[in-house]
Amino acid sequence: MKKYFYFFCFGILDLILLYRFIGYINLSPIRTIQEFGFNLATFIPLVNIIFLLSLIVSSIGLFLTQKWGIKLNSIQFPFRFLFLSFSFGFITNFNLIFQNQVVYYSLLVIAAVFEIARLTVTIRISKEFEFGFALSKLGSMMKRLRSYSQTNVD
């Protein structure tokens, strides 16, 4: 039951992150690639667009409690640090109260620590999925072996 709660919370956090950064999607790198070719200056914004679109897919997978939602969420982890797009990044908005750069960076570090904790929980859930999947496969193999041995005995 706790696993489904985590899935739901992670899906909500992905949607919050998408909401926070949806206004920053810039499609000019696509036009630049068409005009001038592919280079590093167009690569990073293009990856950012793909990352933000993958948030939609991962949140759907998490809401449906699918294993691919957790896997996609794990794949997104390095990009969350690359773009400083943390799931818990909304806590940096508390800096609007204090208007202090030290508080902002402290909140950013706290958000990064929470993101690492989220990855740890994601890995644990993923291992539970793999373990449960392996147990169900083992159970179905045992059933087949029993039915096979019973048919051969008769």
# chains A, B, ... in the order shown; residues from 1 in each chain; ligands from 1
>>> residues_around(residues="Leu18 of chain A", least_positions_apart="2", cutoff="10 Å", atoms="only C-alpha atoms", output="JSON, numbers by chain")
{"A": [12, 13, 14, 15, 16, 20, 21, 22, 23, 24, 51, 52, 53, 54, 55, 56, 59, 85, 87]}
>>> write_last_selection(atoms="C-alpha atoms", output="short mmCIF file (atom, residue, chain, number, x, y, z; two decimals), in the first residue's frame")
data_model
loop_
_atom_site.label_atom_id
_atom_site.label_comp_id
_atom_site.auth_asym_id
_atom_site.auth_seq_id
_atom_site.Cartn_x
_atom_site.Cartn_y
_atom_site.Cartn_z
CA ILE A 12 2.24 14.65 -8.44
CA LEU A 13 5.80 15.93 -7.99
CA ASP A 14 6.53 15.33 -11.69
CA LEU A 15 3.42 17.30 -12.65
CA ILE A 16 4.40 20.15 -10.31
CA ARG A 20 6.93 25.10 -12.99
CA PHE A 21 9.04 24.73 -16.15
CA ILE A 22 6.47 24.52 -18.94
CA GLY A 23 6.84 28.25 -19.61
CA TYR A 24 10.57 27.80 -20.21
CA PHE A 51 13.16 15.90 -20.50
CA LEU A 52 10.11 18.06 -19.86
CA LEU A 53 8.00 15.97 -22.22
CA SER A 54 9.21 12.80 -20.51
CA LEU A 55 7.82 14.19 -17.24
CA ILE A 56 4.34 13.81 -18.70
CA SER A 59 3.80 10.90 -14.30
CA SER A 85 14.97 20.76 -12.20
CA SER A 87 11.03 17.64 -7.89
#
>>> residues_around(residues="Gly61 of chain A", least_positions_apart="5", cutoff="10 Å", atoms="only C-alpha atoms", output="list of chain:residue names")
A:Phe7, A:Phe8, A:Gly11, A:Leu55, A:Ile56, A:Gln66, A:Lys67, A:Trp68, A:Gly69, A:Ile70, A:Lys71, A:Leu72, A:Asn73
>>> select_by_dssp(residues="segment 33-110 of chain A", states="alpha helix (DSSP H)", output="compact mmCIF listing (two decimals) with N, CA and C atoms, in the first residue's frame")
# COMPACT_ATOMS: atom_id res chain seq x y z
N ILE A 33 18.49 24.26 -35.48
CA ILE A 33 19.02 23.02 -36.07
C ILE A 33 18.66 22.96 -37.54
N GLN A 34 17.44 23.35 -37.88
CA GLN A 34 17.02 23.32 -39.28
C GLN A 34 17.83 24.30 -40.12
N GLU A 35 18.20 25.44 -39.54
CA GLU A 35 18.91 26.46 -40.30
C GLU A 35 20.42 26.25 -40.32
N PHE A 36 21.01 25.95 -39.18
CA PHE A 36 22.47 25.94 -39.07
C PHE A 36 23.08 24.57 -38.79
N LEU A 40 26.36 21.85 -30.05
CA LEU A 40 26.14 21.76 -28.61
C LEU A 40 25.18 22.82 -28.10
N ALA A 41 25.20 23.98 -28.71
CA ALA A 41 24.31 25.06 -28.27
C ALA A 41 22.85 24.72 -28.51
N THR A 42 22.57 23.87 -29.46
CA THR A 42 21.19 23.44 -29.69
C THR A 42 20.88 22.11 -29.01
N PHE A 43 21.92 21.37 -28.65
CA PHE A 43 21.71 20.05 -28.05
C PHE A 43 21.11 20.14 -26.66
N ILE A 44 21.66 20.98 -25.80
CA ILE A 44 21.20 21.08 -24.41
C ILE A 44 19.74 21.54 -24.34
N PRO A 45 19.33 22.60 -25.04
CA PRO A 45 17.90 22.97 -24.98
C PRO A 45 16.99 21.88 -25.56
N LEU A 46 17.48 21.17 -26.56
CA LEU A 46 16.68 20.09 -27.15
C LEU A 46 16.48 18.96 -26.14
N VAL A 47 17.54 18.62 -25.40
CA VAL A 47 17.43 17.59 -24.36
C VAL A 47 16.50 18.08 -23.25
N ASN A 48 16.53 19.36 -22.96
CA ASN A 48 15.63 19.92 -21.95
C ASN A 48 14.17 19.76 -22.38
N ILE A 49 13.88 20.00 -23.64
CA ILE A 49 12.52 19.82 -24.15
C ILE A 49 12.10 18.35 -24.01
N ILE A 50 12.99 17.45 -24.38
CA ILE A 50 12.68 16.02 -24.28
C ILE A 50 12.48 15.64 -22.82
N PHE A 51 13.31 16.18 -21.93
CA PHE A 51 13.16 15.90 -20.50
C PHE A 51 11.81 16.35 -19.99
N LEU A 52 11.40 17.56 -20.34
CA LEU A 52 10.11 18.06 -19.86
C LEU A 52 8.95 17.25 -20.41
N LEU A 53 9.05 16.82 -21.66
CA LEU A 53 8.00 15.97 -22.22
C LEU A 53 7.99 14.59 -21.57
N SER A 54 9.16 14.11 -21.18
CA SER A 54 9.21 12.80 -20.51
C SER A 54 8.58 12.86 -19.12
N LEU A 55 8.50 14.05 -18.53
CA LEU A 55 7.82 14.19 -17.24
C LEU A 55 6.34 13.83 -17.36
N ILE A 56 5.74 14.17 -18.48
CA ILE A 56 4.34 13.81 -18.70
C ILE A 56 4.19 12.30 -18.73
N VAL A 57 5.07 11.65 -19.50
CA VAL A 57 4.99 10.20 -19.64
C VAL A 57 5.27 9.50 -18.31
N SER A 58 6.29 9.98 -17.59
CA SER A 58 6.62 9.32 -16.32
C SER A 58 5.52 9.52 -15.29
N SER A 59 4.88 10.69 -15.27
CA SER A 59 3.80 10.90 -14.30
C SER A 59 2.61 10.00 -14.62
N ILE A 60 2.33 9.78 -15.90
CA ILE A 60 1.26 8.84 -16.28
C ILE A 60 1.62 7.44 -15.82
N GLY A 61 2.87 7.02 -16.05
CA GLY A 61 3.32 5.70 -15.62
C GLY A 61 3.27 5.54 -14.11
N LEU A 62 3.59 6.61 -13.40
CA LEU A 62 3.55 6.54 -11.94
C LEU A 62 2.12 6.49 -11.41
N PHE A 63 1.22 7.27 -12.03
CA PHE A 63 -0.18 7.22 -11.60
C PHE A 63 -0.80 5.85 -11.87
N LYS A 67 5.78 -0.34 -13.90
CA LYS A 67 7.22 -0.46 -13.69
C LYS A 67 7.99 0.48 -14.62
N TRP A 68 7.49 0.69 -15.84
CA TRP A 68 8.19 1.57 -16.77
C TRP A 68 8.15 3.03 -16.29
N GLY A 69 7.15 3.39 -15.49
CA GLY A 69 7.11 4.74 -14.92
C GLY A 69 8.25 4.96 -13.95
N ILE A 70 8.53 3.95 -13.13
CA ILE A 70 9.66 4.03 -12.19
C ILE A 70 10.98 4.04 -12.95
N LYS A 71 11.09 3.21 -13.99
CA LYS A 71 12.34 3.15 -14.75
C LYS A 71 12.61 4.48 -15.46
N LEU A 72 11.57 5.07 -16.06
CA LEU A 72 11.73 6.36 -16.72
C LEU A 72 12.09 7.44 -15.70
N ASN A 73 11.50 7.36 -14.54
CA ASN A 73 11.81 8.30 -13.47
C ASN A 73 13.27 8.20 -13.06
N SER A 74 13.80 6.98 -13.02
CA SER A 74 15.21 6.79 -12.68
C SER A 74 16.13 7.31 -13.78
N ILE A 75 15.72 7.14 -15.02
CA ILE A 75 16.52 7.64 -16.15
C ILE A 75 16.58 9.17 -16.12
N GLN A 76 15.52 9.80 -15.65
CA GLN A 76 15.47 11.26 -15.61
C GLN A 76 16.39 11.87 -14.55
N PHE A 77 16.83 11.07 -13.61
CA PHE A 77 17.58 11.60 -12.46
C PHE A 77 18.79 12.46 -12.86
N PRO A 78 19.68 12.00 -13.75
CA PRO A 78 20.83 12.87 -14.08
C PRO A 78 20.42 14.19 -14.74
N PHE A 79 19.32 14.15 -15.49
CA PHE A 79 18.87 15.36 -16.16
C PHE A 79 18.25 16.34 -15.18
N ARG A 80 17.71 15.84 -14.08
CA ARG A 80 17.19 16.72 -13.04
C ARG A 80 18.33 17.55 -12.45
N PHE A 81 19.50 16.95 -12.30
CA PHE A 81 20.65 17.69 -11.79
C PHE A 81 21.28 18.57 -12.87
N LEU A 82 21.29 18.08 -14.09
CA LEU A 82 21.85 18.87 -15.20
C LEU A 82 21.11 20.18 -15.38
N ASN A 95 12.18 31.48 -0.68
CA ASN A 95 13.15 32.58 -0.67
C ASN A 95 12.47 33.91 -0.96
N LEU A 96 11.30 33.89 -1.56
CA LEU A 96 10.57 35.14 -1.80
C LEU A 96 10.24 35.85 -0.49
N ILE A 97 10.15 35.09 0.58
CA ILE A 97 9.87 35.69 1.89
C ILE A 97 11.12 36.38 2.43
N PHE A 98 12.28 35.72 2.27
CA PHE A 98 13.51 36.22 2.90
C PHE A 98 14.33 37.11 1.98
N GLN A 101 20.21 35.54 -0.76
CA GLN A 101 20.87 34.60 -1.65
C GLN A 101 21.34 33.36 -0.90
N VAL A 102 21.79 33.52 0.33
CA VAL A 102 22.25 32.37 1.12
C VAL A 102 21.09 31.43 1.40
N VAL A 103 19.92 31.99 1.72
CA VAL A 103 18.74 31.17 1.97
C VAL A 103 18.36 30.42 0.69
N TYR A 104 18.44 31.10 -0.45
CA TYR A 104 18.10 30.45 -1.72
C TYR A 104 19.01 29.26 -1.99
N TYR A 105 20.30 29.45 -1.84
CA TYR A 105 21.23 28.34 -2.10
C TYR A 105 21.07 27.22 -1.07
N SER A 106 20.75 27.58 0.16
CA SER A 106 20.49 26.56 1.18
C SER A 106 19.26 25.74 0.81
N LEU A 107 18.23 26.42 0.35
CA LEU A 107 17.02 25.71 -0.07
C LEU A 107 17.28 24.85 -1.30
N LEU A 108 18.15 25.32 -2.18
CA LEU A 108 18.50 24.53 -3.37
C LEU A 108 19.25 23.25 -2.97
N VAL A 109 20.12 23.35 -1.99
CA VAL A 109 20.84 22.17 -1.49
C VAL A 109 19.85 21.20 -0.82
N ILE A 110 18.90 21.74 -0.06
CA ILE A 110 17.88 20.89 0.57
C ILE A 110 17.06 20.17 -0.51
